[in-house]
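Here is the structure we will look at, set down as structure tokens.
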Protein chains: 2
Amino acid sequence: MKNKEIQERRMRGYFMQATKELLKGEGLRSINVRSIADQAGYSYATLYNYFRDVKELVFLCVTDFQEECTAEIMQKVKKTPRGIERIRAITKAYIGYFVQYPSVFNLFFVEKLGDLGQKQPAASLIFTFLDRLCASEWDYCIENGITDENSASLIKQELNFVSCGMLLFYMNRIQPAGYIEFMGMVDLQLNSILNRCGTETN
Amino acid sequence: MKNKEIQERRMRGYFMQATKELLKGEGLRSINVRSIADQAGYSYATLYNYFRDVKELVFLCVTDFQEECTAEIMQKVKKTPRGIERIRAITKAYIGYFVQYPSVFNLFFVEKLGDLGQKQPAASLIFTFLDRLCASEWDYCIENGITDENSASLIKQELNFVSCGMLLFYMNRIQPAGYIEFMGMVDLQLNSILNRCGTETN
DNA sequence: AAAATTAATTAACAATGTTAATTATATTAC
DNA sequence: GTAATATAATTAACATTGTTAATTAATTTT
């Protein structure tokens with residue numbers, strides 16, 4: 001039955017589209033079975049014919065957002081010189097994307113998504129996201145002797161944690177207060193971390 | 001009416017005690033008006049005679065936990081040599097406390113606590129917590145020329161963000177998988193950040 | 001001790017997630 | 001092409017949780 005498969009995929013798509021619109025617009029707060037179904041133009045119970053529960057549906061948006069985010073970032077940094085410079089640009093753009101879509105940040109890093117069955121794959125998908133975005137640039141740096149593998153691996157982690165930490169404080173606690181100050185702090189932190197590359201081996 | 005005040009304080013205390021027990025035991029998941037009231041030995045509606053809502057009650061536990069955490073840390077590090085060494089120890093103990101009580105971490109850093117009226121004070125209370133724990137040691141470092149104010153301020157922020165980021169990943173995404181690996185990573189990161197002190201000015 | 005006040009409890013309602021029962025739609029057999 | 005069947009979608013219903021209103025119990029005041 002090919003038709004059935006196509007139709008089912010289409011239906012899932014409608015609900016996912018609706019969920020993504022709501023997430024980007026009103027945010028996670030506004031997400032509930034009824035609002036999603038409304039947005040999709042169906043009754044709330046119909047959703048359960050295509051998804052185990054509302055968490056599965058929301059979770060599926062993660063992959064979509066990651067792809068979108070990746071595209072946006074790569075577009076933004078393609079003119080930046082390769083190496084450390086581009087790693088800095090990617091990380092800034094990565095942070096910028098989450099500032100633009102706070103609910104995506106919450107979805108990725110904050111929400112525990114309950115006891116979602118496929119928790120572990122999603123977890124590593126998220127944990128390695130920035131690493132994957134920067135992977136080829138780190139390779140470039142190592143190949144060109146700009147840094148070595150050991151310090152690269154440390155700094156990768158540090159970028160990951162610091163980015164996430166800054167975002168968490170900014171989003172959740174409104175600290176620092178404004179976007180300008182926040183991005184200023186981001187610059188300082190990224191400089192501090194990335195300036196260490198190649199200058200010495202700790 | 002002095003009695004009334006005493007009684008009211010006592011009642012608030014009962015509910016707070018109950019909430020803290022639940023938080024530390026079952027975690028935030030298990031927190032709801034009825035479970036708190038049960039634990040306290042009252043009906044759920046009674047709670048509303050003493051607290052605006054359940055969020056206020058939960059929020060009040062933050063301060064209590066901070067005090068407890070501070071005491072535990074200071075006890076732990078009192079024999080560590082002052083300066084960078086002790087900053088490292090405090091930060092490790094700080095991370096250790098949250099690993100011990102994951103729900104306190106959630107409460108502090110993850111939960112948005114809705115549109116809590118007193119949001120801002122709580123926010124800065126949390127944001128500055130590690131800084132306050134380390135404040136006198138940083139002063140010590142600056143006074144003794146171990147580091148200067150500029151790099152101290154950068155590194156303070158970095159410690160704050162990295163700690164929070166590592167915890168977020170570990171708690172939320174089970175990454176890295178085990179406690180031993182996690183604490184190993186913590187050591188590496190703290191070394192990397194703190195080794196920069198005084199060796200050079202970036 | 002009766003009246004009045006205060007505190008505590010039960011009842012009730014609203015929002016949300018989820019499942020069961022019912023209705024509408026589409027597919028298949030003749 | 002229509003009746004029987006299968007599938008999909010909807011409404012109804014129930015569970016959980018937060019919150020407020022109405023009622024009952026307790027305490028205080030006179």
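In the structure tokens, the first chain shown is A, the next is B, and so on; residue numbers restart at 1 for each chain, and ligands run from 1 in the order shown.
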At most 12 Å is the cut-off: for each residue in chain C with any atom that close to an atom of chain A, write down the nearest atom pair and the distance in Å rounded to one decimal, counting only C-alpha atoms (C1' of nucleotides), chain first then increasing number, as CSV.
```
residue,atom,partner,partner_atom,distance
C:DA15,C1',A:Asn32,CA,10.1
C:DT16,C1',A:Asn32,CA,7.2
C:DG17,C1',A:Val33,CA,7.5
C:DT18,C1',A:Asp53,CA,8.4
C:DT19,C1',A:Ala45,CA,9.2
C:DA20,C1',A:Ala45,CA,11.1
C:DA26,C1',A:Lys4,CA,11.8
C:DT27,C1',A:Lys4,CA,11.8
```
For the selection just defined, write its residues with N, CA, C and O atoms (P, O5', C5', C4', C3', O3' and C1' of nucleotides) to a file, as a tab-separated table (two decimals), in the first residue's frame.
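File written: selection-v5.tsv
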```
chain	number	residue	atom	x	y	z
C	15	DA	P	-9.75	27.39	30.98
C	15	DA	O5'	-8.45	26.48	30.94
C	15	DA	C5'	-7.27	26.92	31.60
C	15	DA	C4'	-6.24	25.82	31.53
C	15	DA	C3'	-6.01	25.29	30.12
C	15	DA	O3'	-4.61	25.28	29.89
C	15	DA	C1'	-6.49	23.51	31.63
C	16	DT	P	-4.08	25.03	28.40
C	16	DT	O5'	-3.67	23.49	28.47
C	16	DT	C5'	-2.64	23.06	29.35
C	16	DT	C4'	-2.65	21.57	29.43
C	16	DT	C3'	-2.58	20.84	28.09
C	16	DT	O3'	-1.31	20.23	27.98
C	16	DT	C1'	-4.10	19.81	29.62
C	17	DG	P	-0.90	19.44	26.67
C	17	DG	O5'	-1.11	17.93	27.12
C	17	DG	C5'	-0.31	17.40	28.17
C	17	DG	C4'	-0.72	15.98	28.46
C	17	DG	C3'	-0.67	15.04	27.25
C	17	DG	O3'	-0.01	13.84	27.61
C	17	DG	C1'	-2.82	14.99	28.22
C	18	DT	P	0.31	12.74	26.53
C	18	DT	O5'	-1.00	11.85	26.58
C	18	DT	C5'	-1.32	11.20	27.81
C	18	DT	C4'	-2.63	10.46	27.67
C	18	DT	C3'	-2.74	9.57	26.44
C	18	DT	O3'	-2.73	8.23	26.88
C	18	DT	C1'	-4.76	10.78	26.88
C	19	DT	P	-2.85	7.01	25.83
C	19	DT	O5'	-4.40	6.66	25.95
C	19	DT	C5'	-4.95	6.43	27.23
C	19	DT	C4'	-6.42	6.08	27.11
C	19	DT	C3'	-6.76	5.03	26.06
C	19	DT	O3'	-7.65	4.11	26.68
C	19	DT	C1'	-8.06	6.96	25.70
C	20	DA	P	-8.29	2.91	25.86
C	20	DA	O5'	-9.80	3.40	25.66
C	20	DA	C5'	-10.50	3.94	26.78
C	20	DA	C4'	-11.96	4.09	26.45
C	20	DA	C3'	-12.56	3.00	25.55
C	20	DA	O3'	-13.89	2.75	25.99
C	20	DA	C1'	-12.68	5.10	24.45
C	26	DA	P	-13.50	10.82	1.68
C	26	DA	O5'	-12.91	9.36	1.49
C	26	DA	C5'	-11.80	8.97	2.28
C	26	DA	C4'	-11.59	7.47	2.17
C	26	DA	C3'	-11.49	6.95	0.73
C	26	DA	O3'	-10.40	6.06	0.70
C	26	DA	C1'	-13.12	5.73	1.90
C	27	DT	P	-9.74	5.63	-0.72
C	27	DT	O5'	-9.88	4.05	-0.68
C	27	DT	C5'	-9.57	3.37	0.55
C	27	DT	C4'	-10.20	1.99	0.54
C	27	DT	C3'	-10.08	1.23	-0.78
C	27	DT	O3'	-9.39	0.02	-0.48
C	27	DT	C1'	-12.29	1.10	0.07
```
Tell me, counting only C-alpha atoms (C1' of nucleotides), for each residue of chain D within 12 Å of chain B, which pair of atoms is nearest and how far apart they are in Å to one decimal, in rows ordered by chain and increasing number, as CSV.
```
residue,atom,partner,partner_atom,distance
D:DT16,C1',B:Asn32,CA,10.2
D:DT17,C1',B:Asn32,CA,7.1
D:DG18,C1',B:Val33,CA,7.4
D:DT19,C1',B:Asp53,CA,8.4
D:DT20,C1',B:Ala45,CA,9.2
D:DA21,C1',B:Ala45,CA,11.1
D:DT27,C1',B:Lys4,CA,11.8
D:DT28,C1',B:Lys4,CA,11.8
```
task: Return as a ChimeraX atom specification the residues belonging to chain B that are within 6 Å of chain A, counting only C-alpha atoms.
output: /B:123,161-162,164-166,173
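Here CA of Ser136 in chain B stands at a distance of 22.9 Å from CA of Phe108 in chain B.
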field: alpha helix (DSSP H) per DSSP on the backbone: members of chain A, as number ranges by chain
entry: A: 2-25, 33-40, 54-77, 84-100, 102-105, 119-127, 129-143, 149-173, 179-194
- request: Give me the residues within 8 Å of range 9-13 of chain D as a ChimeraX atom specification, counting only C-alpha atoms (C1' of nucleotides) and dropping any in the same chain fewer than 2 places off.
  value: /A:43,45-46 /C:20-24
- request: Work out how far CA of Asp38 in chain B is from CA of Lys4 in chain B, in Å to one decimal.
  value: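 CA of Asp38 in chain B lies at a distance of 23.3 Å from CA of Lys4 in chain B.
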